[in-house]
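What follows is a single structure, written as structure tokens, with notes after it.
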Amino acid sequence: MRGTTLQKLAELQKNPANVRNICILAHVDHGKTTLADALVASNGIISQKMAGKLRYMDSREDEQIRGITMKSSAISLFFNKDSSDYLINLIDSPGHVDFSSEVSTAVRLCDGAIVLVDVVEGVSPQTHAVLRQAWLENIRPILVLNKLDRLITELKMTPLEAHLHLQQILEQVNAITGELFTSEILEKTSSKNEEKPTSPKTTPSENRVYDWSAGFEDTDDSHLYFSPDQNNVIFASALDGWGFGIDHFAELYSTKLGIKVDVLRKTLWGDFYLSMKHKRIMNGAQGKGKKPLFVQFVLENLWSVYDAVCIKRDKEMTEKIVKALHLKIPPRDARHNDPKVQLQAICSQWLPVSTAVLAVVCEKLPSPLDIQAERTKKLMCSRARQFDSLPQDTQNLKHDFLACSPSPDSPVIVFISKMFPVEKKHLPSNRQRPLTMEEISSRRDEARLRHKQNIASLNGVAEENAPNITHSAALTVPDANHQDEQDHVFVAFARIFSGTIKKGQKLYVLGPKHDPAKAVKEMAGGTVIDDTSTVEDLSSNKHITSFVVKDLYLFMGRELEALDEIPAGNVLGIGGLEEHVLKSATLSSTVACPAFTDMNFEASPIVKVALEPQHPGDMSKLVKGMKLLNQADPCVEIMVQETGEHVIVTAGEVHLKRCVDDLRERYGKLELSVSEPIVPFRETIIPPPTVDMVNESIHDQKMMTVKLDDGDEVTEILGNGLVEMKTANRMCTIRIRALPLPEGISALLEAHGELIKTLDRCTLTEKGDLQGAGKLSGETVKVLQEFKRTLTQAFQEAGKEWENAVNEIWCFGPRRQGPNVLLNRVSEYHRPSVWSCLNRDAPTVDEHAQLWDHDNSVVSGFQLATLQGPLCEEPMMGVCFAVEQWDNDLKTESKNVTLAAGSDNLDAGGSVNLYSDQKTSKNSSCVTADEKHNEIHTENESTDTKVHSQSQSSIGSNTASVSNFAQSRKEAYGPFSGQLMSCVKEACRKAFQSQPQRLMAAMYSCVIQVPADALGKMYAVLGKRNGRILQEDMREGSQVFSITAVLPVVESFGFAEEIRKRTSGLASPQLTFSHWEVVDVDPFWVPTTEEEYMHFGDKADSDNQARIYMNNVRRRKGLKVDEKIVEHAEKQRTLTKNK
């Protein structure tokens, strides 16, 4: 039975000082949901005996089947500490890497976190991830070292060994926190050093030495680390129902030993021991061979209980322990044959884990009133914008954030982190409720009337109203089709930061691109927000909709409780927002409120599949279902490709299966055909290799060039990646060289994609004005300057040919922010620098720097080329294209061309010269046909700038014919900007093909925990799928190995299932996207040297992994695939058959 009522919880919401918004974070299978069960059982919602077995917070069927959490869910709990009542809003989050986006949605709504670590598995990859997410969101964590029982029952450790093991785990967790703290301090110190004015005597090129230790001396980091003596560490076994902190035993032994509680708090954990001779606590237990206090007073007692109950099953000893601890064990549990039941009954009363955890939560984790000013700024203003640049009304909202006031005068500010589906039958309005006395009396009368009618009908006396009752009963049957279409609604998962939200209240829904300054000005000018507009009506100029609050909910795990109003500082659910919110949004009663910054997602979607209904008539259901799935899942991406395929992109294989199941069973309710996973690749070039496929030097060998089909006659490959190409009308010549970017630079560009995107927004117009430079915050400018400095240093380290490359950067690609670079090496073209916006004081450009005409055409051609490479039309990566020549080609190939009167054909004897008009700009890069003044020569002249007066008279009659010829060429080839764009694109592709080409595969980082006897089978599965082992670590005190490997994403499908089958479930991998890696085989390789012919044969028909990948992608995209099906269709003859 529940220990509190809805009215009590609603009353506690009004006191934000006693509210705690917390989430549980951990690696998968470290015990989050089991601990949540124990906390839920403390409120009487479920039985204590079912804690850890029921998995109450996992409401989905597939969650119960797989045994992992797939979504974050919340529940409100009551806790009393020191005669004060607290409201704990608890959010249970997933631990699987595929659902890390759900962790981000939970962390954004909380002020504190409970981080769990399995003491046997130790610090795992997802432990790093959740600690980093908590740090980025500025929330305070506490640590729970879970599954201590496994040290006793599985690893058979002694109390002293367990103490050392726990110390090591604590040091590892603190090391992660130290890294996060150090990186932040170094970043802040670097920014301060940049703000200091430099001496006029020093030059920027001189080396400057900074005192990096200054930032650490000024900052107190003692409260950041986990230490039992600070009471922010809990030792627990959630499955057995026990847990404790240092304070519990400090208070217990202070009365027995006569030592102050504060002294025991500081000495129970650490290298301290009790000297019975001096009756004092001394330091140096390990050096003197003494038992530490934690071992002597805490762990040995726990080991004794487990030894008596589980290992030896000593009933007499168990009874003595129960009496000594003054416990009351039910006779049924005491006589139970399962020792685990007896252990749980004893430990859950002696050291209840719920009391230990919730007491520390109330004491150590902050309330909504304690929100930090730094976190408020991060929520209100992105890193790319300065907080001071926001309107004054918006800046004033910071005080409302910090006050967290529920008063009616405070503006309502709500953030929605996700939308999640709820079946209509689970809504409070549709839930069965207890009947009132009037309803019971009414139903009794109806039952008596029906009974009377039945008796009358049996006697042959049918009453008139009998058919009516039957008919009315038939009318109450719901329409099955209508029920199937609308069997669920979306509820917003949100938190209110200021004010009080009430039913019937009108609020604004602010989109992610909402600009408060512009909105305030429009509202002052009389603009009215249309109440009927929805999220589909949003446009580039409209980012606000309005709605009336219909339903407010309090989360109770699998249930929802309806409320009329909810004050600031609480987690809540909001109904009726399906038409206004797609994934996340900000709600406010004022348009001056900015849209909250984007959440930090650790895992990006990478696994892509195409979907189609098995019955073509269900296509509308599929489209509707995909829209609902996109709204319900914060990580999934939905798109329709150019081929018409409907594609979803997910974070991993488990996430993909869940999304497909949701489409089939919940959102679309149709039969689906799912394609094979579409894995992205990248295309790149590398420096010419120095050894061949058999590791023989090819420095002096003549390599064979593979020619691809090319019908373009104006392309000329000049060698070393240099290509010269003319536009279709022969009026412009462009020369482009393809070079492989150094590996470090490519990784640097990929890691700073958002910075490059910010830099691109500050581009130059043709007038030379800077757009958006004034809106950049000082911090963003400093980060961009640091990025430029790092990039300059990386180019200088790469060699002399890259020394001035940073200042030559034309643009980045693809999509203007990718890891490819276009360089301007045209000697006469002084283009404005892409770094011009970094000079905030005077954002001007060089007076000699101007944009040529059709500059955007060159950029667009580069973007198209890098978006679809020549191998299999995948994006390029790590490629540099340098434009070395861009000029007019005013001479045609033939010098003598004559035009016959009235004929459209050119004879071989004449020549055509096209001259630039005198009014044409000198800065023009190329001259189009309609800008030319055409003249025909009868003599072979080399002059390109003027026409001899003697020839004017001889050609006057043919001027009209040439004009018609130029006009026909313009119509044939289209606008010149399109011709130049196509020319640049093809030139980049040909230059790319003239260099050694390679594919790049997406790689997973794979962490596997496997015992020693299953290592061989695990290696076999990894080798079969082209995996590579990076690291092997054996855990101290066990036979379990921690293997770190890399695995191609394209080979990862079915990997987890196969490795579990081969190792009988002993190995379970955790896959996270790591990096892109070059497949070091030429897709077009053929044997060329004598050694290669001897090793591979004439056909070289062994598997070329790069070619297999390339052909699979080309086949999927419908591109041409060069492969031989049958080479010799002859029946093989053997000597036996010839006889």
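Residue numbering restarts at 1 in every chain; chains get A, B, ... in the order shown in the structure tokens, and ligands count up from 1 in that same order.
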- Item | Exercise: stretch 752-758 of chain A partners within 7 Å, only C-alpha atoms, chain neighbours under 3 positions left out, as a PyMOL selection string | chain A and resi 748-749+761+784+817-818
Just-selected residues, all heavy atoms written as a CSV table (one decimal), in the first residue's frame:
```csv
chain,number,residue,atom,x,y,z
A,748,LEU,N,41.1,17.2,-37.1
A,748,LEU,CA,40.8,18.5,-36.5
A,748,LEU,C,39.6,19.2,-37.1
A,748,LEU,O,38.8,19.7,-36.4
A,748,LEU,CB,42.1,19.4,-36.6
A,748,LEU,CG,42.1,20.7,-35.9
A,748,LEU,CD1,42.1,20.5,-34.4
A,748,LEU,CD2,43.3,21.6,-36.3
A,749,LEU,N,39.5,19.1,-38.4
A,749,LEU,CA,38.3,19.7,-39.1
A,749,LEU,C,37.1,19.0,-38.7
A,749,LEU,O,36.0,19.6,-38.5
A,749,LEU,CB,38.6,19.7,-40.6
A,749,LEU,CG,39.7,20.5,-41.1
A,749,LEU,CD1,39.8,20.4,-42.6
A,749,LEU,CD2,39.5,22.0,-40.8
A,761,ARG,N,28.8,31.2,-41.2
A,761,ARG,CA,27.8,32.2,-41.1
A,761,ARG,C,28.3,33.6,-41.2
A,761,ARG,O,27.5,34.6,-41.4
A,761,ARG,CB,27.0,32.0,-39.8
A,761,ARG,CG,26.1,30.8,-39.8
A,761,ARG,CD,25.0,30.9,-38.7
A,761,ARG,NE,25.6,30.7,-37.4
A,761,ARG,CZ,25.6,29.6,-36.7
A,761,ARG,NH1,25.1,28.5,-37.2
A,761,ARG,NH2,26.2,29.6,-35.5
A,784,LEU,N,37.4,30.5,-31.9
A,784,LEU,CA,37.7,30.5,-33.3
A,784,LEU,C,39.2,30.9,-33.6
A,784,LEU,O,39.9,30.3,-34.4
A,784,LEU,CB,36.8,31.4,-34.1
A,784,LEU,CG,35.4,30.9,-34.3
A,784,LEU,CD1,34.5,32.1,-34.9
A,784,LEU,CD2,35.4,29.8,-35.3
A,817,GLN,N,31.0,22.6,-44.1
A,817,GLN,CA,31.6,22.4,-42.8
A,817,GLN,C,32.3,21.1,-42.6
A,817,GLN,O,32.6,20.6,-41.5
A,817,GLN,CB,30.5,22.5,-41.7
A,817,GLN,CG,29.4,21.4,-41.9
A,817,GLN,CD,28.3,21.6,-40.8
A,817,GLN,OE1,27.8,22.6,-40.6
A,817,GLN,NE2,28.0,20.4,-40.2
A,818,GLY,N,32.6,20.4,-43.8
A,818,GLY,CA,33.2,19.1,-43.7
A,818,GLY,C,34.7,19.1,-43.6
A,818,GLY,O,35.3,20.1,-43.6
```
| Can you list, as number ranges by chain, every residue of stretch 303-520 of chain A that DSSP puts in helix (DSSP H, G or I)? | A: 303-311, 315-324, 331-334, 339-350, 353-364, 368-370, 373-380, 387-389, 392-403, 424-426, 428-430, 437-458, 466-475, 480-485, 516-520
Close residues, A:Glu154 itself excluded, 12 Å, only C-alpha atoms, min 3 positions apart in chain, as a ChimeraX atom specification: /A:119-120,147-151,157-158,311,1037-1040
Worksheet entry | Between atom CA of A:Phe1073 and atom CA of A:Glu653, distance in Å (one decimal) |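 So the two atoms, atom CA of A:Phe1073 and atom CA of A:Glu653, lie 12.1 Å apart.
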Run DSSP on the backbone of this structure and report the residues of stretch 160-384 of chain A it assigns to strand (DSSP E or B), as a ChimeraX atom specification. /A:233-237,242-244,272-275,280-283,352
Writer output for current selection, all heavy atoms, as a CSV table (one decimal), in the first residue's frame:
```csv
chain,number,residue,atom,x,y,z
A,233,VAL,N,29.5,9.0,-1.1
A,233,VAL,CA,29.7,7.7,-1.6
A,233,VAL,C,28.9,6.7,-0.8
A,233,VAL,O,28.9,6.7,0.4
A,233,VAL,CB,31.2,7.2,-1.6
A,233,VAL,CG1,31.4,5.8,-2.1
A,233,VAL,CG2,32.0,8.2,-2.4
A,234,ILE,N,28.1,5.8,-1.5
A,234,ILE,CA,27.3,4.8,-0.9
A,234,ILE,C,27.8,3.4,-1.3
A,234,ILE,O,28.1,3.2,-2.5
A,234,ILE,CB,25.8,4.9,-1.3
A,234,ILE,CG1,25.3,6.3,-0.9
A,234,ILE,CG2,25.0,3.8,-0.6
A,234,ILE,CD1,25.2,6.6,0.6
A,235,PHE,N,28.0,2.5,-0.3
A,235,PHE,CA,28.4,1.2,-0.6
A,235,PHE,C,27.1,0.3,-0.5
A,235,PHE,O,26.4,0.4,0.5
A,235,PHE,CB,29.4,0.6,0.4
A,235,PHE,CG,30.6,1.5,0.5
A,235,PHE,CD1,30.7,2.5,1.4
A,235,PHE,CD2,31.7,1.2,-0.4
A,235,PHE,CE1,31.9,3.3,1.4
A,235,PHE,CE2,32.9,2.0,-0.3
A,235,PHE,CZ,32.9,3.1,0.6
A,236,ALA,N,26.8,-0.4,-1.6
A,236,ALA,CA,25.5,-1.1,-1.6
A,236,ALA,C,25.5,-2.4,-2.4
A,236,ALA,O,26.4,-2.7,-3.2
A,236,ALA,CB,24.5,-0.1,-2.3
A,237,SER,N,24.4,-3.1,-2.2
A,237,SER,CA,24.0,-4.3,-3.0
A,237,SER,C,22.5,-4.1,-3.2
A,237,SER,O,21.7,-4.5,-2.4
A,237,SER,CB,24.4,-5.6,-2.3
A,237,SER,OG,23.8,-6.7,-3.1
A,242,TRP,N,20.6,-3.8,0.6
A,242,TRP,CA,21.3,-3.1,1.6
A,242,TRP,C,22.2,-2.1,1.1
A,242,TRP,O,22.7,-2.2,-0.1
A,242,TRP,CB,22.0,-4.1,2.6
A,242,TRP,CG,23.1,-5.0,1.9
A,242,TRP,CD1,22.9,-6.2,1.4
A,242,TRP,CD2,24.5,-4.6,1.6
A,242,TRP,NE1,24.1,-6.7,0.9
A,242,TRP,CE2,25.0,-5.7,1.0
A,242,TRP,CE3,25.2,-3.5,1.9
A,242,TRP,CZ2,26.4,-5.8,0.6
A,242,TRP,CZ3,26.6,-3.5,1.4
A,242,TRP,CH2,27.1,-4.6,0.8
A,243,GLY,N,22.5,-1.1,1.8
A,243,GLY,CA,23.4,0.0,1.5
A,243,GLY,C,23.7,0.9,2.7
A,243,GLY,O,22.9,1.0,3.6
A,244,PHE,N,24.9,1.5,2.6
A,244,PHE,CA,25.2,2.3,3.8
A,244,PHE,C,26.3,3.4,3.3
A,244,PHE,O,26.9,3.2,2.3
A,244,PHE,CB,25.8,1.5,4.9
A,244,PHE,CG,27.1,0.7,4.5
A,244,PHE,CD1,28.3,1.3,4.7
A,244,PHE,CD2,27.1,-0.5,4.0
A,244,PHE,CE1,29.5,0.7,4.3
A,244,PHE,CE2,28.2,-1.2,3.6
A,244,PHE,CZ,29.4,-0.6,3.8
A,272,PHE,N,43.8,4.3,8.2
A,272,PHE,CA,43.8,4.5,9.7
A,272,PHE,C,43.4,3.2,10.4
A,272,PHE,O,42.7,2.4,9.9
A,272,PHE,CB,42.8,5.6,10.1
A,272,PHE,CG,43.0,7.0,9.5
A,272,PHE,CD1,42.4,7.4,8.3
A,272,PHE,CD2,43.9,7.8,10.1
A,272,PHE,CE1,42.7,8.6,7.7
A,272,PHE,CE2,44.2,9.1,9.5
A,272,PHE,CZ,43.5,9.4,8.4
A,273,TYR,N,44.0,3.1,11.6
A,273,TYR,CA,43.7,1.9,12.4
A,273,TYR,C,43.5,2.3,13.9
A,273,TYR,O,44.0,3.4,14.3
A,273,TYR,CB,44.8,0.8,12.3
A,273,TYR,CG,46.1,1.2,12.9
A,273,TYR,CD1,46.4,0.7,14.2
A,273,TYR,CD2,47.0,2.0,12.3
A,273,TYR,CE1,47.6,1.0,14.8
A,273,TYR,CE2,48.2,2.3,12.9
A,273,TYR,CZ,48.5,1.9,14.2
A,273,TYR,OH,49.7,2.2,14.8
A,274,LEU,N,42.9,1.4,14.6
A,274,LEU,CA,42.7,1.7,16.1
A,274,LEU,C,43.7,1.0,16.9
A,274,LEU,O,43.9,-0.2,16.8
A,274,LEU,CB,41.3,1.1,16.5
A,274,LEU,CG,40.9,1.3,17.9
A,274,LEU,CD1,40.9,2.8,18.3
A,274,LEU,CD2,39.6,0.7,18.2
A,275,SER,N,44.5,1.8,17.6
A,275,SER,CA,45.6,1.2,18.5
A,275,SER,C,44.9,1.0,19.9
A,275,SER,O,44.6,1.9,20.6
A,275,SER,CB,46.7,2.2,18.6
A,275,SER,OG,47.7,1.8,19.6
A,280,ARG,N,43.8,5.0,20.7
A,280,ARG,CA,43.7,6.1,19.8
A,280,ARG,C,43.6,5.6,18.3
A,280,ARG,O,44.1,4.5,18.1
A,280,ARG,CB,44.9,7.1,20.0
A,280,ARG,CG,44.9,7.8,21.3
A,280,ARG,CD,46.2,8.6,21.4
A,280,ARG,NE,46.3,9.6,20.3
A,280,ARG,CZ,47.4,10.3,20.0
A,280,ARG,NH1,48.5,10.1,20.8
A,280,ARG,NH2,47.4,11.2,19.0
A,281,ILE,N,43.2,6.5,17.5
A,281,ILE,CA,43.2,6.2,16.0
A,281,ILE,C,44.5,6.7,15.4
A,281,ILE,O,44.8,7.9,15.6
A,281,ILE,CB,41.9,6.8,15.3
A,281,ILE,CG1,40.7,6.2,15.9
A,281,ILE,CG2,42.0,6.6,13.8
A,281,ILE,CD1,39.4,6.8,15.3
A,282,MET,N,45.2,5.8,14.8
A,282,MET,CA,46.5,6.1,14.3
A,282,MET,C,46.5,6.0,12.8
A,282,MET,O,45.7,5.3,12.2
A,282,MET,CB,47.6,5.1,14.9
A,282,MET,CG,47.5,5.0,16.4
A,282,MET,SD,48.1,6.4,17.3
A,282,MET,CE,49.9,6.3,17.0
A,283,ASN,N,47.5,6.7,12.2
A,283,ASN,CA,47.7,6.6,10.7
A,283,ASN,C,48.7,5.6,10.4
A,283,ASN,O,49.6,5.3,11.2
A,283,ASN,CB,48.1,8.0,10.2
A,283,ASN,CG,47.9,8.2,8.7
A,283,ASN,OD1,47.5,7.2,8.1
A,283,ASN,ND2,48.3,9.3,8.2
A,352,PRO,N,19.0,-0.6,5.2
A,352,PRO,CA,18.1,-0.5,4.1
A,352,PRO,C,18.7,0.5,3.1
A,352,PRO,O,19.1,1.6,3.4
A,352,PRO,CB,16.8,0.1,4.7
A,352,PRO,CG,17.2,0.7,6.0
A,352,PRO,CD,18.4,-0.1,6.5
```
Sorted by chain and rising residue number, which residues of stretch 32-135 of chain A lie within 12 Å of stretch 597-611 of chain A, and what are their closest atom pairs and distances in Å to one decimal, counting only C-alpha atoms, as a tab-separated table?
```
residue	atom	partner	partner_atom	distance
A:His96	CA	A:Ala603	CA	10.6
A:Val97	CA	A:Ala603	CA	7.1
A:Asp98	CA	A:Ala603	CA	7.0
A:Phe99	CA	A:Ala603	CA	8.1
A:Ser100	CA	A:Glu602	CA	6.3
A:Ser101	CA	A:Phe601	CA	5.5
A:Glu102	CA	A:Phe601	CA	8.8
A:Val103	CA	A:Phe601	CA	8.5
A:Ser104	CA	A:Phe601	CA	6.1
A:Thr105	CA	A:Met599	CA	7.3
A:Ala106	CA	A:Met599	CA	10.2
A:Val107	CA	A:Met599	CA	9.2
A:Arg108	CA	A:Met599	CA	7.2
A:Leu109	CA	A:Met599	CA	10.7
A:Pro125	CA	A:Glu602	CA	11.6
A:Gln126	CA	A:Glu602	CA	9.8
A:His128	CA	A:Glu602	CA	10.7
A:Ala129	CA	A:Glu602	CA	7.1
A:Val130	CA	A:Glu602	CA	8.9
A:Leu131	CA	A:Glu602	CA	11.4
A:Arg132	CA	A:Glu602	CA	9.3
A:Gln133	CA	A:Asn600	CA	7.2
A:Ala134	CA	A:Asn600	CA	10.2
A:Trp135	CA	A:Asn600	CA	11.0
```
| said: Residues near A:Phe555, anyone? I mean within 12 Å using only C-alpha atoms, not counting same-chain ones fewer than 4 positions away, as a PyMOL selection string. | reply: chain A and resi 6+9-10+57+72-77+88-92+422+427-428+491-495+559-563+570-574
| message | List the spatial neighbours of A:Val859 as a VMD selection string - criterion: any atom at most 10 Å away, only C-alpha atoms, same-chain residues fewer than 6 positions off excluded. | response | chain A and resid 810 to 813 816 822 865 981 984 to 985
Dump C-alpha atoms for the selected residues as an mmCIF file, in the first residue's frame?
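What landed in result-v9.cif:
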```
data_model
loop_
_atom_site.group_PDB
_atom_site.id
_atom_site.type_symbol
_atom_site.label_atom_id
_atom_site.label_comp_id
_atom_site.auth_asym_id
_atom_site.auth_seq_id
_atom_site.Cartn_x
_atom_site.Cartn_y
_atom_site.Cartn_z
ATOM 1 C CA TRP A 810 38.491 29.279 -49.833
ATOM 2 C CA CYS A 811 35.857 27.171 -48.081
ATOM 3 C CA PHE A 812 35.237 23.845 -46.363
ATOM 4 C CA GLY A 813 33.096 20.998 -47.640
ATOM 5 C CA ARG A 816 30.410 24.043 -46.018
ATOM 6 C CA LEU A 822 39.359 24.247 -51.119
ATOM 7 C CA ALA A 865 32.219 17.166 -55.777
ATOM 8 C CA MET A 981 29.909 24.792 -61.512
ATOM 9 C CA VAL A 984 34.740 22.622 -61.186
ATOM 10 C CA LYS A 985 32.868 19.542 -60.014
#
```
Could you tell me how far atom CA of A:Met639 sits from atom CA of A:Glu579, in Å to one decimal place?
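Between these atoms lies a distance of 19.6 Å.
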_Contacts of A:His655 at 9 Å (only C-alpha atoms; same-chain gap of 3+ positions) as a PyMOL selection string_ = chain A and resi 70+98-99+636+650-652+658-660
Please write the residues from the selection above to a file, keeping all heavy atoms, as a tab-separated table (two decimals), in the first residue's frame.
```tsv
chain	number	residue	atom	x	y	z
A	70	MET	N	15.25	1.02	-21.99
A	70	MET	CA	15.35	1.65	-23.30
A	70	MET	C	14.85	3.09	-23.32
A	70	MET	O	15.00	3.77	-24.32
A	70	MET	CB	14.56	0.84	-24.33
A	70	MET	CG	15.10	-0.56	-24.57
A	70	MET	SD	14.19	-1.40	-25.88
A	70	MET	CE	15.04	-2.98	-25.90
A	98	ASP	N	23.18	2.69	-27.22
A	98	ASP	CA	22.24	3.04	-28.28
A	98	ASP	C	21.18	4.02	-27.80
A	98	ASP	O	20.56	4.70	-28.62
A	98	ASP	CB	21.56	1.77	-28.81
A	98	ASP	CG	22.46	0.97	-29.73
A	98	ASP	OD1	23.65	1.33	-29.81
A	98	ASP	OD2	22.00	0.00	-30.34
A	99	PHE	N	20.95	4.07	-26.49
A	99	PHE	CA	19.89	4.93	-25.96
A	99	PHE	C	20.47	6.05	-25.10
A	99	PHE	O	19.83	6.53	-24.17
A	99	PHE	CB	18.90	4.10	-25.15
A	99	PHE	CG	18.37	2.91	-25.89
A	99	PHE	CD1	18.81	1.63	-25.61
A	99	PHE	CD2	17.45	3.07	-26.91
A	99	PHE	CE1	18.34	0.54	-26.30
A	99	PHE	CE2	16.96	1.99	-27.61
A	99	PHE	CZ	17.41	0.71	-27.32
A	636	VAL	N	16.30	9.34	-33.25
A	636	VAL	CA	16.09	8.81	-34.60
A	636	VAL	C	15.96	9.95	-35.59
A	636	VAL	O	15.50	11.06	-35.26
A	636	VAL	CB	14.83	7.91	-34.63
A	636	VAL	CG1	13.57	8.74	-34.52
A	636	VAL	CG2	14.81	7.06	-35.88
A	650	THR	N	19.36	5.33	-37.13
A	650	THR	CA	19.33	5.04	-35.70
A	650	THR	C	20.76	4.96	-35.15
A	650	THR	O	21.74	4.96	-35.91
A	650	THR	CB	18.61	3.72	-35.41
A	650	THR	OG1	19.29	2.65	-36.08
A	650	THR	CG2	17.17	3.78	-35.92
A	651	ALA	N	20.86	4.86	-33.82
A	651	ALA	CA	22.17	4.89	-33.16
A	651	ALA	C	22.86	3.54	-33.12
A	651	ALA	O	24.05	3.48	-32.85
A	651	ALA	CB	22.02	5.42	-31.74
A	652	GLY	N	22.15	2.47	-33.36
A	652	GLY	CA	22.76	1.15	-33.29
A	652	GLY	C	21.77	0.06	-33.63
A	652	GLY	O	20.60	0.31	-33.97
A	658	ARG	N	14.24	-1.67	-32.04
A	658	ARG	CA	13.15	-1.09	-31.27
A	658	ARG	C	12.31	-0.15	-32.13
A	658	ARG	O	11.08	-0.14	-32.06
A	658	ARG	CB	13.70	-0.31	-30.07
A	658	ARG	CG	12.63	0.05	-29.06
A	658	ARG	CD	13.08	1.13	-28.12
A	658	ARG	NE	13.07	2.45	-28.77
A	658	ARG	CZ	13.25	3.59	-28.13
A	658	ARG	NH1	13.49	3.59	-26.83
A	658	ARG	NH2	13.23	4.74	-28.76
A	659	CYS	N	12.95	0.64	-32.98
A	659	CYS	CA	12.23	1.57	-33.84
A	659	CYS	C	11.35	0.82	-34.85
A	659	CYS	O	10.20	1.21	-35.10
A	659	CYS	CB	13.20	2.49	-34.57
A	659	CYS	SG	14.04	3.67	-33.50
A	660	VAL	N	11.89	-0.24	-35.43
A	660	VAL	CA	11.11	-1.01	-36.40
A	660	VAL	C	9.92	-1.68	-35.71
A	660	VAL	O	8.80	-1.71	-36.24
A	660	VAL	CB	12.01	-2.05	-37.10
A	660	VAL	CG1	11.19	-2.98	-37.97
A	660	VAL	CG2	13.07	-1.35	-37.95
```
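Near A:Tyr1019, within a cut-off of 12 Å and counting only C-alpha atoms, sit the residues Ile1008, Val1010, Ala1012, Asp1013, Ala1014, Leu1015, Gly1016, Leu1022, Gly1023, Lys1024, Arg1025, Asn1026, Gly1027, Arg1028, Ile1029, Glu1032, Ile1043, Thr1044, Ala1045, Ile1059, Arg1062, Thr1063 and Ala1067 of chain A, with same-chain residues fewer than 3 positions away left out.
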